[in-house]
Amino acid sequence: MDETAAREAVLVRVLDRAEPELPRWGAADRAWASRVAAETVGGDASAAAFVAARAHAALQRLLPRDSGASANVWRWLQRPLWHPSWVLWALLAGLVAGVLVDRVGSAQVINLLAPPVWAVVAWNLAVYLLLALRALVGLLRRDADAPGPIAATVRRLVRRGGEARPPRGLAELGLAKVWPAYVADWTQVSAPLVAARASAVLHAGAAALAAGLLAGLYLRGLVLDYRAGWQSTFLEPAAVHAALSLLFAPASALSGVAVPDLAGIAALRVGPDAPGGGGAAAPWIHLYAWTLALAVLLPRALLALGSLERSRRLARRFPLPLDEPYFQQLLRHQRRDAARVRVWPHAQAPSAQATLALRAICARVWGETVQLDIGAAVAWGDEALAAASASSTPADAAIALFDMGATPEAEQQGRFVRELAHALPAGTPLLLLVDEAAFRARFAALEDRLTQRRAAWAALARSLGTAAVFLDLAAPDLATAERLLQSALDRPVQRAGA
């Protein structure tokens with residue numbers, strides 16, 4: 001799946017999960033797109049191929065190309081988000097900035113201990129150190145893909161720019177309300193690609209800046225008589241000789257330009273009481289040039305080429321997170337697999353009517369072939385025993401079902417949900433569903449009681465890293481229930497330590 005196909009897939013995902021459901025894109029349309037994609041790519045195609053085919057089919061149905069507004073959206077989807085010329089502009093800007101650096105020393109005298117070149121070298125060495133530390137931390141921690149400060153800044157700028165105005169045509173089609181959700185989703189999934197491209201531009205600019213400094217050194221040396229020397233209140237010739245020998249060791253070894261001996265360094269001292277008045281700067285300019293090439297130009301050029309290659313690879317094989325519940329549900333249409341959903345009722349078993357409602361809701365979310373397994377009600381105090389059985393019950397999703405009449409407590413219902421989430425196999429999403437039917441029937445005239453009890457369950461759900469799904473299983477609105485469960489699948493109960 002390339003970058004364009006990924007943009008289509010993210011847009012369709014936002015359309016599928018829009019709340020409330022879009023008038024032009026309902027359950028029948030979603031099922032049609034999945035069926036067409038399965039017939040188009042076949043059961044043996046890759047997951048990425050199926051998702052891309054479904055998204056393209058969905059947009060062809062939703063955005064007929066004979067419409068002017070739809071044509072504008074198609075042009076926006078196919079418009080490239082990246083231009084290689086940006087790297088060329090960075091190279092040009094860095095080169096010009098390097099050449100235009102005013103001078104390497106005051107009054108055409110290069111202070112060997114403090115020229116601007118050393119500041120450039122030190123800054124780049126600090127950047128390499130930060131990159132190495134970040135790579136090391138990424139190897140040791142699971143959140144290796146977490147953005148660094150530069151990537152995070154670029155992400156914020158991209159998102160802020162994207163939120164400014166939706167593409168022309170979305171508003172005319174009545175789809176402008178999905179634009180903020182699309183910007184948020186695309187910013188999230190495209191972060192690695194955006195970071196690689198930003199790195200390429202920054203590294204290219206830094207390499208060009210070093211090249212410009214080199215050019216400026218030699219161009220000014222052609223028309224100006226630079227002298228080299230040093231001065232210091234505290235350092236003596238021996239210390240200066242040791243420092244310069246160490247700093248210029250790689251450049252001296254490769255260029256063959258030797259650092260003067262102790263007597264030569266002493267003769268380069270400048271000042272009222274110094275015996276010498278500096279010396280020819282040409283050998284030192286060669287050493288500075290080699291140092292810049294080794295410490296800045298070559299590493300930055302390699303980093304820029306590596307970032308460009310990484311961005312090219314990511315653009316051709318976009319890392320869309322196909323292991324997320326939304327995409328896994330879509331892929332079952334291709335595999336024609338029957339999803340299995342396990343329900344753990346707490347304290348009270350659902351009625352026959354509620355069971356039928358759960359079956360209808362799950363069929364809309366996971367497909368008509370869904371297998372719904374409703375276990376025996378978990379009695380008060382038996383939460384740990386029930387959770388222990390979860391590890392031996394494979395499922396595509398799990399639901400902890402509660403009655404709103406029970407007062408939510410972290411020590412009871414909260415502990416049950418936490419232990420259940422911990423016991424479930426990794427990757428199995430757990431949802432917290434609250435049945436309002438009996439509570440509504442009892443307190444039909446007391447809307448405040450319903451609001452207060454909802455707030456209490458919502459607070460418990462937030463403490464578990466999820467959002468409670470409130471449904472009236474006696475008379476559910478299936479479309480609303482589907483959207484709520486789809487939304488909850490994006491934020492399932494968090495496992496301990498996650």
# chains A, B, ... in the order shown; residues from 1 in each chain; ligands from 1
$ select_by_dssp --residues "region 304-347 of chain A" --states "helix (DSSP H, G or I)" --output "MDAnalysis selection string"
chainID A and resid 304:316 325:335
$ select_by_dssp --residues "region 361-462 of chain A" --states "strand (DSSP E)" --output "MDAnalysis selection string"
chainID A and resid 371:374 397:403 430:435
$ closest_residue --among "A:Leu485, A:Leu294, A:Val14, A:Gly405" --to "Trp457 (chain A)" --atoms "only C-alpha atoms"
A:Gly405
$ residues_around --residues "Leu484 (chain A)" --least-positions-apart "4" --cutoff "12 Å" --atoms "only C-alpha atoms" --output "PyMOL selection string"
chain A and resi 17-21+361-362+364-365+431-434+467-471+476-480+488-492
$ write_last_selection --atoms "N, CA, C and O atoms" --output "tab-separated table (two decimals), in the first residue's frame"
chain	number	residue	atom	x	y	z
A	17	ARG	N	-16.50	5.59	10.83
A	17	ARG	CA	-16.68	5.77	12.27
A	17	ARG	C	-17.31	7.11	12.63
A	17	ARG	O	-17.33	7.49	13.80
A	18	ALA	N	-17.84	7.81	11.63
A	18	ALA	CA	-18.43	9.12	11.88
A	18	ALA	C	-19.63	8.99	12.83
A	18	ALA	O	-20.41	8.04	12.74
A	19	GLU	N	-19.75	9.93	13.75
A	19	GLU	CA	-20.87	9.97	14.68
A	19	GLU	C	-21.52	11.35	14.61
A	19	GLU	O	-20.86	12.36	14.81
A	20	PRO	N	-22.83	11.39	14.33
A	20	PRO	CA	-23.69	10.28	13.95
A	20	PRO	C	-23.38	9.77	12.55
A	20	PRO	O	-22.61	10.40	11.82
A	21	GLU	N	-23.96	8.67	12.19
A	21	GLU	CA	-23.70	8.06	10.90
A	21	GLU	C	-24.03	9.02	9.76
A	21	GLU	O	-25.04	9.73	9.80
A	361	ILE	N	-26.42	-6.40	17.82
A	361	ILE	CA	-25.41	-5.34	17.83
A	361	ILE	C	-24.05	-5.89	17.38
A	361	ILE	O	-23.36	-5.29	16.55
A	362	CYS	N	-23.66	-7.03	17.92
A	362	CYS	CA	-22.37	-7.62	17.56
A	362	CYS	C	-22.34	-8.02	16.08
A	362	CYS	O	-21.28	-7.96	15.44
A	364	ARG	N	-23.69	-6.38	13.68
A	364	ARG	CA	-23.41	-5.16	12.91
A	364	ARG	C	-21.94	-4.77	13.02
A	364	ARG	O	-21.37	-4.21	12.07
A	365	VAL	N	-21.33	-5.06	14.16
A	365	VAL	CA	-19.94	-4.66	14.36
A	365	VAL	C	-18.98	-5.68	13.77
A	365	VAL	O	-18.01	-5.33	13.10
A	431	LEU	N	-14.11	-4.45	26.23
A	431	LEU	CA	-15.00	-3.31	26.29
A	431	LEU	C	-15.83	-3.36	27.57
A	431	LEU	O	-16.12	-4.44	28.10
A	432	LEU	N	-16.21	-2.21	28.05
A	432	LEU	CA	-17.04	-2.10	29.25
A	432	LEU	C	-18.42	-1.63	28.83
A	432	LEU	O	-18.58	-0.48	28.38
A	433	LEU	N	-19.41	-2.51	28.95
A	433	LEU	CA	-20.76	-2.21	28.48
A	433	LEU	C	-21.70	-2.18	29.68
A	433	LEU	O	-21.70	-3.10	30.52
A	434	VAL	N	-22.52	-1.13	29.75
A	434	VAL	CA	-23.47	-0.95	30.85
A	434	VAL	C	-24.88	-0.96	30.28
A	434	VAL	O	-25.21	-0.14	29.41
A	467	ALA	N	-13.73	4.04	27.64
A	467	ALA	CA	-14.99	4.78	27.76
A	467	ALA	C	-16.12	3.77	27.88
A	467	ALA	O	-16.16	2.78	27.12
A	468	ALA	N	-17.00	3.98	28.83
A	468	ALA	CA	-18.12	3.06	29.01
A	468	ALA	C	-19.10	3.19	27.85
A	468	ALA	O	-19.34	4.29	27.33
A	469	VAL	N	-19.68	2.06	27.44
A	469	VAL	CA	-20.71	2.04	26.39
A	469	VAL	C	-22.05	1.85	27.09
A	469	VAL	O	-22.30	0.80	27.71
A	470	PHE	N	-22.91	2.84	27.01
A	470	PHE	CA	-24.22	2.78	27.65
A	470	PHE	C	-25.26	2.41	26.61
A	470	PHE	O	-25.46	3.12	25.61
A	471	LEU	N	-25.97	1.30	26.84
A	471	LEU	CA	-26.99	0.82	25.91
A	471	LEU	C	-28.23	0.40	26.67
A	471	LEU	O	-28.14	-0.13	27.80
A	476	PRO	N	-32.68	-1.32	21.95
A	476	PRO	CA	-31.48	-0.60	21.51
A	476	PRO	C	-31.66	0.04	20.13
A	476	PRO	O	-32.39	-0.48	19.28
A	477	ASP	N	-30.99	1.17	19.96
A	477	ASP	CA	-30.85	1.78	18.63
A	477	ASP	C	-29.61	1.13	18.02
A	477	ASP	O	-28.48	1.43	18.41
A	478	LEU	N	-29.81	0.23	17.05
A	478	LEU	CA	-28.71	-0.58	16.56
A	478	LEU	C	-27.62	0.26	15.90
A	478	LEU	O	-26.42	-0.01	16.08
A	479	ALA	N	-28.01	1.29	15.16
A	479	ALA	CA	-27.00	2.12	14.49
A	479	ALA	C	-26.15	2.86	15.53
A	479	ALA	O	-24.92	2.92	15.42
A	480	THR	N	-26.81	3.41	16.56
A	480	THR	CA	-26.07	4.11	17.60
A	480	THR	C	-25.19	3.14	18.38
A	480	THR	O	-24.02	3.44	18.69
A	488	ALA	N	-15.52	2.45	21.03
A	488	ALA	CA	-14.89	1.84	22.20
A	488	ALA	C	-13.75	0.91	21.79
A	488	ALA	O	-12.78	0.74	22.54
A	489	LEU	N	-13.86	0.29	20.62
A	489	LEU	CA	-12.79	-0.60	20.16
A	489	LEU	C	-11.48	0.16	19.93
A	489	LEU	O	-10.40	-0.42	19.99
A	490	ASP	N	-11.59	1.46	19.67
A	490	ASP	CA	-10.39	2.27	19.50
A	490	ASP	C	-9.75	2.60	20.83
A	490	ASP	O	-8.57	2.98	20.88
A	491	ARG	N	-10.50	2.45	21.92
A	491	ARG	CA	-9.96	2.71	23.26
A	491	ARG	C	-10.40	1.61	24.21
A	491	ARG	O	-11.20	1.83	25.11
A	492	PRO	N	-9.92	0.41	24.01
A	492	PRO	CA	-10.31	-0.68	24.92
A	492	PRO	C	-9.70	-0.50	26.29
A	492	PRO	O	-8.86	0.37	26.52
$ closest_residue --among "A:Pro321, A:Pro180, A:Gly264, A:Pro408" --to "Ala458 (chain A)" --atoms "only C-alpha atoms"
A:Pro408
$ closest_residue --among "A:Arg483, A:His203, A:Arg313, A:Arg335" --to "Val296 (chain A)" --atoms "only C-alpha atoms"
A:His203
$ closest_residue --among "A:Asp29, A:Asp373, A:Asp396, A:Asp472" --to "Asp323 (chain A)" --atoms "only C-alpha atoms"
A:Asp396
$ closest_residue --among "A:Ala181, A:Leu330, A:Leu112, A:Ala5" --to "Val259 (chain A)" --atoms "only C-alpha atoms"
A:Leu112
$ residues_around --residues "region 304-307 of chain A" --least-positions-apart "4" --cutoff "9 Å" --atoms "only C-alpha atoms" --output "PDB file with N, CA, C and O atoms, in the first residue's frame"
ATOM      1  N   ALA A 195       8.490  12.361   9.773  1.00  0.00           N
ATOM      2  CA  ALA A 195       9.770  12.516  10.479  1.00  0.00           C
ATOM      3  C   ALA A 195      10.943  12.213   9.562  1.00  0.00           C
ATOM      4  O   ALA A 195      11.967  12.901   9.602  1.00  0.00           O
ATOM      5  N   ALA A 196      10.815  11.176   8.716  1.00  0.00           N
ATOM      6  CA  ALA A 196      11.902  10.835   7.795  1.00  0.00           C
ATOM      7  C   ALA A 196      12.127  11.960   6.787  1.00  0.00           C
ATOM      8  O   ALA A 196      13.273  12.309   6.476  1.00  0.00           O
ATOM      9  N   ARG A 197      11.048  12.535   6.292  1.00  0.00           N
ATOM     10  CA  ARG A 197      11.192  13.624   5.323  1.00  0.00           C
ATOM     11  C   ARG A 197      11.770  14.874   5.972  1.00  0.00           C
ATOM     12  O   ARG A 197      12.630  15.559   5.381  1.00  0.00           O
ATOM     13  N   ALA A 198      11.306  15.183   7.170  1.00  0.00           N
ATOM     14  CA  ALA A 198      11.860  16.347   7.867  1.00  0.00           C
ATOM     15  C   ALA A 198      13.340  16.139   8.168  1.00  0.00           C
ATOM     16  O   ALA A 198      14.145  17.068   8.038  1.00  0.00           O
ATOM     17  N   SER A 199      13.707  14.924   8.545  1.00  0.00           N
ATOM     18  CA  SER A 199      15.122  14.638   8.809  1.00  0.00           C
ATOM     19  C   SER A 199      15.963  14.817   7.551  1.00  0.00           C
ATOM     20  O   SER A 199      17.080  15.338   7.607  1.00  0.00           O
ATOM     21  N   ALA A 200      15.442  14.372   6.421  1.00  0.00           N
ATOM     22  CA  ALA A 200      16.182  14.524   5.168  1.00  0.00           C
ATOM     23  C   ALA A 200      16.455  16.000   4.868  1.00  0.00           C
ATOM     24  O   ALA A 200      17.566  16.382   4.480  1.00  0.00           O
ATOM     25  N   VAL A 201      15.434  16.836   5.068  1.00  0.00           N
ATOM     26  CA  VAL A 201      15.604  18.272   4.804  1.00  0.00           C
ATOM     27  C   VAL A 201      16.612  18.884   5.773  1.00  0.00           C
ATOM     28  O   VAL A 201      17.505  19.649   5.375  1.00  0.00           O
ATOM     29  N   LEU A 202      16.494  18.544   7.060  1.00  0.00           N
ATOM     30  CA  LEU A 202      17.395  19.130   8.055  1.00  0.00           C
ATOM     31  C   LEU A 202      18.840  18.668   7.854  1.00  0.00           C
ATOM     32  O   LEU A 202      19.772  19.475   7.936  1.00  0.00           O
ATOM     33  N   HIS A 203      19.028  17.386   7.599  1.00  0.00           N
ATOM     34  CA  HIS A 203      20.388  16.880   7.394  1.00  0.00           C
ATOM     35  C   HIS A 203      21.002  17.459   6.116  1.00  0.00           C
ATOM     36  O   HIS A 203      22.188  17.790   6.088  1.00  0.00           O
ATOM     37  N   ALA A 204      20.186  17.566   5.069  1.00  0.00           N
ATOM     38  CA  ALA A 204      20.699  18.142   3.821  1.00  0.00           C
ATOM     39  C   ALA A 204      21.108  19.597   4.035  1.00  0.00           C
ATOM     40  O   ALA A 204      22.162  20.049   3.553  1.00  0.00           O
ATOM     41  N   GLY A 205      20.286  20.353   4.770  1.00  0.00           N
ATOM     42  CA  GLY A 205      20.622  21.745   5.040  1.00  0.00           C
ATOM     43  C   GLY A 205      21.897  21.880   5.853  1.00  0.00           C
ATOM     44  O   GLY A 205      22.732  22.755   5.591  1.00  0.00           O
ATOM     45  N   ALA A 207      24.402  19.686   5.980  1.00  0.00           N
ATOM     46  CA  ALA A 207      25.536  19.325   5.123  1.00  0.00           C
ATOM     47  C   ALA A 207      25.887  20.474   4.180  1.00  0.00           C
ATOM     48  O   ALA A 207      27.069  20.784   3.960  1.00  0.00           O
ATOM     49  N   PRO A 299      29.040  13.000   7.501  1.00  0.00           N
ATOM     50  CA  PRO A 299      27.977  12.360   8.289  1.00  0.00           C
ATOM     51  C   PRO A 299      26.587  12.878   7.950  1.00  0.00           C
ATOM     52  O   PRO A 299      25.637  12.109   7.833  1.00  0.00           O
ATOM     53  N   ARG A 300      26.476  14.193   7.778  1.00  0.00           N
ATOM     54  CA  ARG A 300      25.150  14.758   7.470  1.00  0.00           C
ATOM     55  C   ARG A 300      24.660  14.313   6.095  1.00  0.00           C
ATOM     56  O   ARG A 300      23.472  14.065   5.899  1.00  0.00           O
ATOM     57  N   SER A 311      12.266   7.469   3.769  1.00  0.00           N
ATOM     58  CA  SER A 311      11.003   8.090   3.374  1.00  0.00           C
ATOM     59  C   SER A 311      10.476   7.488   2.076  1.00  0.00           C
ATOM     60  O   SER A 311       9.267   7.298   1.922  1.00  0.00           O
ATOM     61  N   ARG A 312      11.376   7.170   1.135  1.00  0.00           N
ATOM     62  CA  ARG A 312      10.929   6.538  -0.111  1.00  0.00           C
ATOM     63  C   ARG A 312      10.325   5.173   0.172  1.00  0.00           C
ATOM     64  O   ARG A 312       9.282   4.803  -0.379  1.00  0.00           O
TER      65      ARG A 312
END
$ residues_around --residues "Gln413 (chain A)" --least-positions-apart "4" --cutoff "9 Å" --atoms "only C-alpha atoms" --output "MDAnalysis selection string"
chainID A and resid 346 383 402 407:409 417:418 460
$ residues_around --residues "Leu268 (chain A)" --least-positions-apart "4" --cutoff "12 Å" --atoms "only C-alpha atoms" --output "CSV table (one decimal) with all heavy atoms, in the first residue's frame"
chain,number,residue,atom,x,y,z
A,109,VAL,N,42.2,37.7,11.2
A,109,VAL,CA,43.1,36.9,12.1
A,109,VAL,C,42.3,35.7,12.6
A,109,VAL,O,41.2,36.0,13.3
A,109,VAL,CB,43.7,37.7,13.2
A,109,VAL,CG1,44.6,36.7,14.1
A,109,VAL,CG2,44.6,38.8,12.7
A,110,ILE,N,42.6,34.5,12.3
A,110,ILE,CA,41.9,33.3,12.8
A,110,ILE,C,42.4,33.0,14.2
A,110,ILE,O,43.6,32.6,14.4
A,110,ILE,CB,42.1,32.1,11.8
A,110,ILE,CG1,41.6,32.5,10.4
A,110,ILE,CG2,41.4,30.9,12.4
A,110,ILE,CD1,41.8,31.4,9.4
A,111,ASN,N,41.5,33.1,15.2
A,111,ASN,CA,41.9,32.7,16.5
A,111,ASN,C,41.7,31.1,16.6
A,111,ASN,O,40.6,30.6,16.5
A,111,ASN,CB,40.9,33.3,17.5
A,111,ASN,CG,41.3,33.0,19.0
A,111,ASN,OD1,42.1,32.1,19.2
A,111,ASN,ND2,40.7,33.7,19.9
A,112,LEU,N,42.8,30.4,16.6
A,112,LEU,CA,42.8,29.0,16.5
A,112,LEU,C,42.0,28.3,17.7
A,112,LEU,O,41.6,27.2,17.5
A,112,LEU,CB,44.2,28.4,16.6
A,112,LEU,CG,45.1,28.9,15.4
A,112,LEU,CD1,46.5,28.4,15.6
A,112,LEU,CD2,44.5,28.4,14.1
A,113,LEU,N,41.8,29.0,18.7
A,113,LEU,CA,41.1,28.4,19.9
A,113,LEU,C,39.6,28.7,19.8
A,113,LEU,O,38.8,28.0,20.5
A,113,LEU,CB,41.6,29.0,21.2
A,113,LEU,CG,43.1,28.6,21.5
A,113,LEU,CD1,43.5,29.2,22.8
A,113,LEU,CD2,43.2,27.1,21.5
A,227,ARG,N,45.7,35.6,8.6
A,227,ARG,CA,46.7,35.1,9.5
A,227,ARG,C,46.1,34.3,10.6
A,227,ARG,O,45.0,34.4,11.0
A,227,ARG,CB,47.5,36.3,10.2
A,227,ARG,CG,47.9,37.4,9.2
A,227,ARG,CD,49.0,36.9,8.3
A,227,ARG,NE,50.2,36.7,9.0
A,227,ARG,CZ,51.3,36.1,8.5
A,227,ARG,NH1,51.2,35.6,7.2
A,227,ARG,NH2,52.4,35.9,9.2
A,228,ALA,N,46.9,33.3,11.1
A,228,ALA,CA,46.4,32.4,12.2
A,228,ALA,C,47.2,32.7,13.5
A,228,ALA,O,48.4,32.8,13.4
A,228,ALA,CB,46.5,31.0,11.7
A,229,GLY,N,46.5,32.7,14.6
A,229,GLY,CA,47.2,32.8,15.9
A,229,GLY,C,46.3,32.4,17.0
A,229,GLY,O,45.2,32.0,16.8
A,230,TRP,N,46.8,32.6,18.2
A,230,TRP,CA,45.9,32.3,19.4
A,230,TRP,C,46.3,33.2,20.5
A,230,TRP,O,47.4,33.8,20.6
A,230,TRP,CB,46.1,30.8,19.8
A,230,TRP,CG,47.5,30.5,20.3
A,230,TRP,CD1,48.5,30.1,19.5
A,230,TRP,CD2,48.0,30.5,21.6
A,230,TRP,NE1,49.7,29.9,20.3
A,230,TRP,CE2,49.3,30.1,21.6
A,230,TRP,CE3,47.4,30.8,22.8
A,230,TRP,CZ2,50.1,30.0,22.7
A,230,TRP,CZ3,48.2,30.7,24.0
A,230,TRP,CH2,49.5,30.3,23.9
A,231,GLN,N,45.4,33.4,21.4
A,231,GLN,CA,45.6,34.2,22.6
A,231,GLN,C,44.8,33.6,23.7
A,231,GLN,O,43.7,33.2,23.5
A,231,GLN,CB,45.3,35.7,22.4
A,231,GLN,CG,43.9,35.9,21.8
A,231,GLN,CD,43.7,37.4,21.5
A,231,GLN,OE1,44.4,38.3,22.1
A,231,GLN,NE2,42.8,37.7,20.6
A,232,SER,N,45.3,33.7,24.9
A,232,SER,CA,44.6,33.1,26.1
A,232,SER,C,45.2,33.7,27.3
A,232,SER,O,46.4,33.9,27.4
A,232,SER,CB,44.7,31.6,26.1
A,232,SER,OG,44.1,31.1,27.3
A,236,GLU,N,48.8,28.0,28.4
A,236,GLU,CA,50.2,28.2,28.0
A,236,GLU,C,50.4,27.4,26.7
A,236,GLU,O,49.5,26.6,26.3
A,236,GLU,CB,51.1,27.7,29.0
A,236,GLU,CG,51.1,28.5,30.3
A,236,GLU,CD,51.5,29.9,30.1
A,236,GLU,OE1,52.4,30.2,29.2
A,236,GLU,OE2,50.9,30.8,30.7
A,237,PRO,N,51.5,27.6,25.9
A,237,PRO,CA,51.7,26.9,24.6
A,237,PRO,C,51.6,25.4,24.7
A,237,PRO,O,51.1,24.8,23.8
A,237,PRO,CB,53.1,27.4,24.2
A,237,PRO,CG,53.3,28.7,24.9
A,237,PRO,CD,52.5,28.7,26.2
A,240,VAL,N,47.9,24.5,24.7
A,240,VAL,CA,47.3,24.8,23.4
A,240,VAL,C,47.8,23.8,22.3
A,240,VAL,O,47.0,23.3,21.5
A,240,VAL,CB,47.7,26.2,22.9
A,240,VAL,CG1,47.2,26.5,21.5
A,240,VAL,CG2,47.1,27.2,23.9
A,241,HIS,N,49.1,23.4,22.4
A,241,HIS,CA,49.6,22.4,21.5
A,241,HIS,C,48.9,21.1,21.6
A,241,HIS,O,48.5,20.4,20.7
A,241,HIS,CB,51.1,22.3,21.7
A,241,HIS,CG,51.7,21.2,20.8
A,241,HIS,ND1,51.9,19.9,21.2
A,241,HIS,CD2,52.1,21.3,19.5
A,241,HIS,CE1,52.4,19.2,20.2
A,241,HIS,NE2,52.6,20.0,19.1
A,259,VAL,N,50.3,19.5,12.5
A,259,VAL,CA,50.1,20.5,13.5
A,259,VAL,C,51.5,20.9,13.9
A,259,VAL,O,52.4,20.0,14.2
A,259,VAL,CB,49.3,20.1,14.7
A,259,VAL,CG1,49.3,21.1,15.7
A,259,VAL,CG2,47.9,19.7,14.2
A,260,PRO,N,51.9,22.2,13.9
A,260,PRO,CA,53.2,22.6,14.3
A,260,PRO,C,53.6,22.1,15.7
A,260,PRO,O,52.8,21.7,16.5
A,260,PRO,CB,53.1,24.1,14.3
A,260,PRO,CG,52.0,24.5,13.4
A,260,PRO,CD,51.0,23.4,13.6
A,261,ASP,N,54.9,22.0,15.9
A,261,ASP,CA,55.4,21.5,17.2
A,261,ASP,C,55.2,22.6,18.3
A,261,ASP,O,54.6,23.7,18.0
A,261,ASP,CB,56.9,21.1,17.1
A,261,ASP,CG,57.8,22.3,16.6
A,261,ASP,OD1,57.3,23.4,16.6
A,261,ASP,OD2,58.9,22.0,16.2
A,262,LEU,N,55.7,22.3,19.5
A,262,LEU,CA,55.5,23.2,20.6
A,262,LEU,C,56.0,24.6,20.3
A,262,LEU,O,55.4,25.7,20.6
A,262,LEU,CB,56.1,22.7,21.9
A,262,LEU,CG,55.9,23.5,23.1
A,262,LEU,CD1,54.4,23.7,23.4
A,262,LEU,CD2,56.5,22.8,24.3
A,263,ALA,N,57.2,24.7,19.7
A,263,ALA,CA,57.8,25.9,19.4
A,263,ALA,C,57.0,26.7,18.3
A,263,ALA,O,56.9,27.9,18.4
A,263,ALA,CB,59.3,25.7,18.9
A,264,GLY,N,56.5,25.9,17.4
A,264,GLY,CA,55.7,26.6,16.3
A,264,GLY,C,54.4,27.2,16.9
A,264,GLY,O,54.0,28.2,16.5
A,274,ALA,N,53.3,38.9,23.5
A,274,ALA,CA,53.6,37.6,22.8
A,274,ALA,C,54.9,37.8,22.0
A,274,ALA,O,55.0,38.9,21.3
A,274,ALA,CB,52.5,37.2,22.0
A,275,PRO,N,55.7,36.8,21.9
A,275,PRO,CA,56.9,36.9,21.1
A,275,PRO,C,56.6,36.8,19.6
A,275,PRO,O,57.4,37.4,18.8
A,275,PRO,CB,57.8,35.7,21.5
A,275,PRO,CG,56.8,34.7,22.1
A,275,PRO,CD,55.7,35.6,22.7
A,276,GLY,N,55.5,36.1,19.2
A,276,GLY,CA,55.2,36.0,17.8
A,276,GLY,C,54.0,36.8,17.4
A,276,GLY,O,53.3,37.4,18.3
A,277,GLY,N,53.7,37.0,16.2
A,277,GLY,CA,52.6,37.7,15.7
A,277,GLY,C,51.7,36.9,14.8
A,277,GLY,O,51.1,37.5,13.9
A,278,GLY,N,51.6,35.7,15.0
A,278,GLY,CA,50.7,34.8,14.2
A,278,GLY,C,51.5,34.3,13.0
A,278,GLY,O,52.7,34.6,12.8
A,279,GLY,N,50.9,33.5,12.2
A,279,GLY,CA,51.5,32.9,11.0
A,279,GLY,C,50.6,32.7,9.9
A,279,GLY,O,49.4,33.1,9.9
A,280,ALA,N,51.1,32.1,8.8
A,280,ALA,CA,50.3,31.9,7.6
A,280,ALA,C,49.1,31.0,8.0
A,280,ALA,O,49.2,30.0,8.8
A,280,ALA,CB,51.1,31.2,6.6
A,281,ALA,N,47.9,31.3,7.5
A,281,ALA,CA,46.7,30.6,7.8
A,281,ALA,C,46.3,29.5,6.9
A,281,ALA,O,45.4,28.7,7.2
A,281,ALA,CB,45.5,31.6,7.8
A,284,TRP,N,46.2,26.0,8.3
A,284,TRP,CA,45.1,25.8,9.3
A,284,TRP,C,43.7,25.8,8.6
A,284,TRP,O,42.8,25.1,9.0
A,284,TRP,CB,45.1,27.0,10.3
A,284,TRP,CG,46.4,27.0,11.1
A,284,TRP,CD1,47.5,27.7,11.0
A,284,TRP,CD2,46.6,26.1,12.2
A,284,TRP,NE1,48.4,27.4,11.9
A,284,TRP,CE2,47.9,26.4,12.7
A,284,TRP,CE3,45.9,25.1,12.8
A,284,TRP,CZ2,48.5,25.7,13.8
A,284,TRP,CZ3,46.5,24.4,13.9
A,284,TRP,CH2,47.8,24.7,14.4
$ closest_residue --among "A:Leu193, A:Ala282, A:Val223, A:Ala397" --to "Gln486 (chain A)" --atoms "only C-alpha atoms"
A:Ala397
$ atom_distance --atom1 "CA of Gln452 (chain A)" --atom2 "CA of Ala438 (chain A)"
15.6 Å
$ residues_around --residues "Gln78 (chain A)" --least-positions-apart "2" --cutoff "10 Å" --atoms "only C-alpha atoms" --output "PyMOL selection string"
chain A and resi 3-5+7-8+73-76+80-81
$ write_last_selection --atoms "C-alpha atoms" --output "compact mmCIF listing (two decimals), in the first residue's frame"
# COMPACT_ATOMS: atom_id res chain seq x y z
CA GLU A 3 0.95 6.72 0.54
CA THR A 4 -1.99 7.65 -1.69
CA ALA A 5 -3.82 4.41 -0.93
CA ARG A 7 -4.72 8.42 2.62
CA GLU A 8 -7.82 6.88 1.04
CA VAL A 73 -11.69 15.68 -3.45
CA TRP A 74 -10.10 13.12 -5.79
CA ARG A 75 -7.51 15.69 -6.90
CA TRP A 76 -6.76 16.49 -3.28
CA PRO A 80 1.57 14.73 -3.45
CA LEU A 81 2.29 15.79 0.11
